Amino acid sequence: MPESGNQTEGGQSAAGRAEHVPGQPGRYAGGPAATGQELSEVLGRVARGDERAFELLYDAMAAPVLGIVRRVVRDPAQSDEVMQEVLLELWRTASRFDPALGSARAWVMTLAHRRAVDRVRAEQRAAERELRVSLAPVPYDEVAEAVEASLDRERVRRCLGSLTELQRESVTLAYYGGYTYRQVADLLGVAAGTAKTRMRDGLIRLRDCLGVE
Amino acid sequence: MAPDAPDPHTLAGAYALDAVADADRVMFERHLAACESCREEIRTLREATGRLAMVTAVQPRADLRGATLRAAARLSQLPPAGEAAQRPAAGLVVTGSAAAAPDSPGETAPAAGRPASPPGAARRSGQSLRRRLSGPLPRLALALSCVLAAVVVVLALMMHGTQHRLDQAQLRSHAIASVLTAADVTMMSRQVSTGGTATVVMSRERRALVFTAQGLPQPGAGQRYELWLMGPAGIRSAGMLAGAPGGMVGPVVVHGLTAGDRVGMTMEPAAGAAKPGSAMVVVLGVGGG
């Protein structure tokens, strides 16, 4: 990020790049992996009511937000709605983002995942839907299939592969499937406490493999 | 604490994955509040889950971009959390009479370095609303535009649901409009002690109020939020609140407001309580009356 030393200039440069690739979510500033520092600055501008910055935020994050929402919610139409709700919530609550409490990217994706999970759990409650084991997603395989020429994807795939099978299934069923740890335990036929522990152990191993700071 | 969860810390992974039911979440967040190392662990685990999310990116339909940007331009924004918390009393009090008074909290709310009024389109809609209201009530107009924006958002979120919920929203929106358009409308907003923000728009003339809240913690299992009217006429239940994603409740219309009433909210058993069984998490009222 060559402009990161100058906030104002950096923001304007980011705007210029976004104009070169209109409607290319995730492409601004060189793709999702490069947006960390700049995304934090964009959020700061969004918090001050900068509608142009909100466009940058949309272009950078709408695609990953929709990606995780669709992974969890599954239904494309509902996923579109939840994605828009998440982006609007970012607009409304950008002032609450605190860089001291984590990266902008993690903040956005945490919100997106939470809203996706809220949506499917509300549906589960409304319909008294039972766990449909036959329809349970197999996200690890999907991740593997989805690998393109992306270093980030490759790294996540490789790090998921470094987990034990039970850790990996616990983490991916919970995160990509939107299941609670008790539901995951039912799906995997293990005790709830076991699923809970494997999630924590697996996430810690994933975190360390990914080199999260 | 659930009998099978003797050590809440073991929930850290499930919590970071949003793989906890509401009761577990409440328990763990209570634990987090008192455990700095746990907050740090959650922070780093959320960086990892964020990476799991980023690799799923799929390009949205092109038409969603313009729709989302336009919707945002009509939507007011929250002030920074610290700023709101510093307000001594009601966060935003705007009444027809108070509009003439200097130093009302609503006027002084924006802190240094923050815009003095809602940005962009929120201000524009405030101005158009002011023209329609035709009177020396700019601050009221501005406040109303904020609450209208909030109501629009809440209604819009409701309308994403089933037709049944849509019908309910339409019925409610009619009752809400009758309060919002009253001549003596008063709006207040306060932080909820357990998290979130509650907003009330009242009309003494219509003897009614509209209550909304957002960012509320999920009630524990078997519990719900309950609204109360408190004043010279005693303490009366004003109804149970249905929760929604994002800790949003309402907008609900409460009728039977009498002079001097305040509005409070507590957490109660889901079946409802005849009188408050726990501490008020927020109290709003203009006093006097």
# chains A, B, ... in the order shown; residues from 1 in each chain; ligands from 1
>>> interface_residues(of="chain B", to="chain A", cutoff="7 Å", atoms="only C-alpha atoms", output="count of residues only")
39
>>> residues_around(residues="Met240 (chain B)", least_positions_apart="6", cutoff="8 Å", atoms="only C-alpha atoms", output="JSON list (two decimals) with C-alpha atoms, in the first residue's frame")
[["chain", "number", "residue", "atom", "x", "y", "z"],
["B", 224, "ARG", "CA", -38.09, -11.13, 26.90],
["B", 225, "TYR", "CA", -37.96, -7.41, 27.25],
["B", 226, "GLU", "CA", -41.02, -5.77, 28.77],
["B", 227, "LEU", "CA", -42.05, -2.12, 28.54],
["B", 270, "ALA", "CA", -41.29, -14.50, 28.48],
["B", 272, "GLY", "CA", -44.71, -11.32, 31.07]]
>>> atom_distance(atom1="CA of Glu205 (chain B)", atom2="CA of Gly260 (chain B)")
13.0 Å
>>> atom_distance(atom1="CA of Met202 (chain B)", atom2="CA of Asp184 (chain B)")
8.1 Å
>>> atom_distance(atom1="CA of Thr266 (chain B)", atom2="CA of Val283 (chain B)")
9.4 Å
>>> residues_around(residues="Thr197 (chain B)", least_positions_apart="4", cutoff="8 Å", atoms="only C-alpha atoms", output="list in words")
Ser189, Arg190, Gln191, Val192, Ala213, Gln214, Gly215 and Leu216 of chain B
>>> select_by_dssp(residues="region 45-208 of chain A", states="helix (DSSP H, G or I)", output="count of residues only")
134
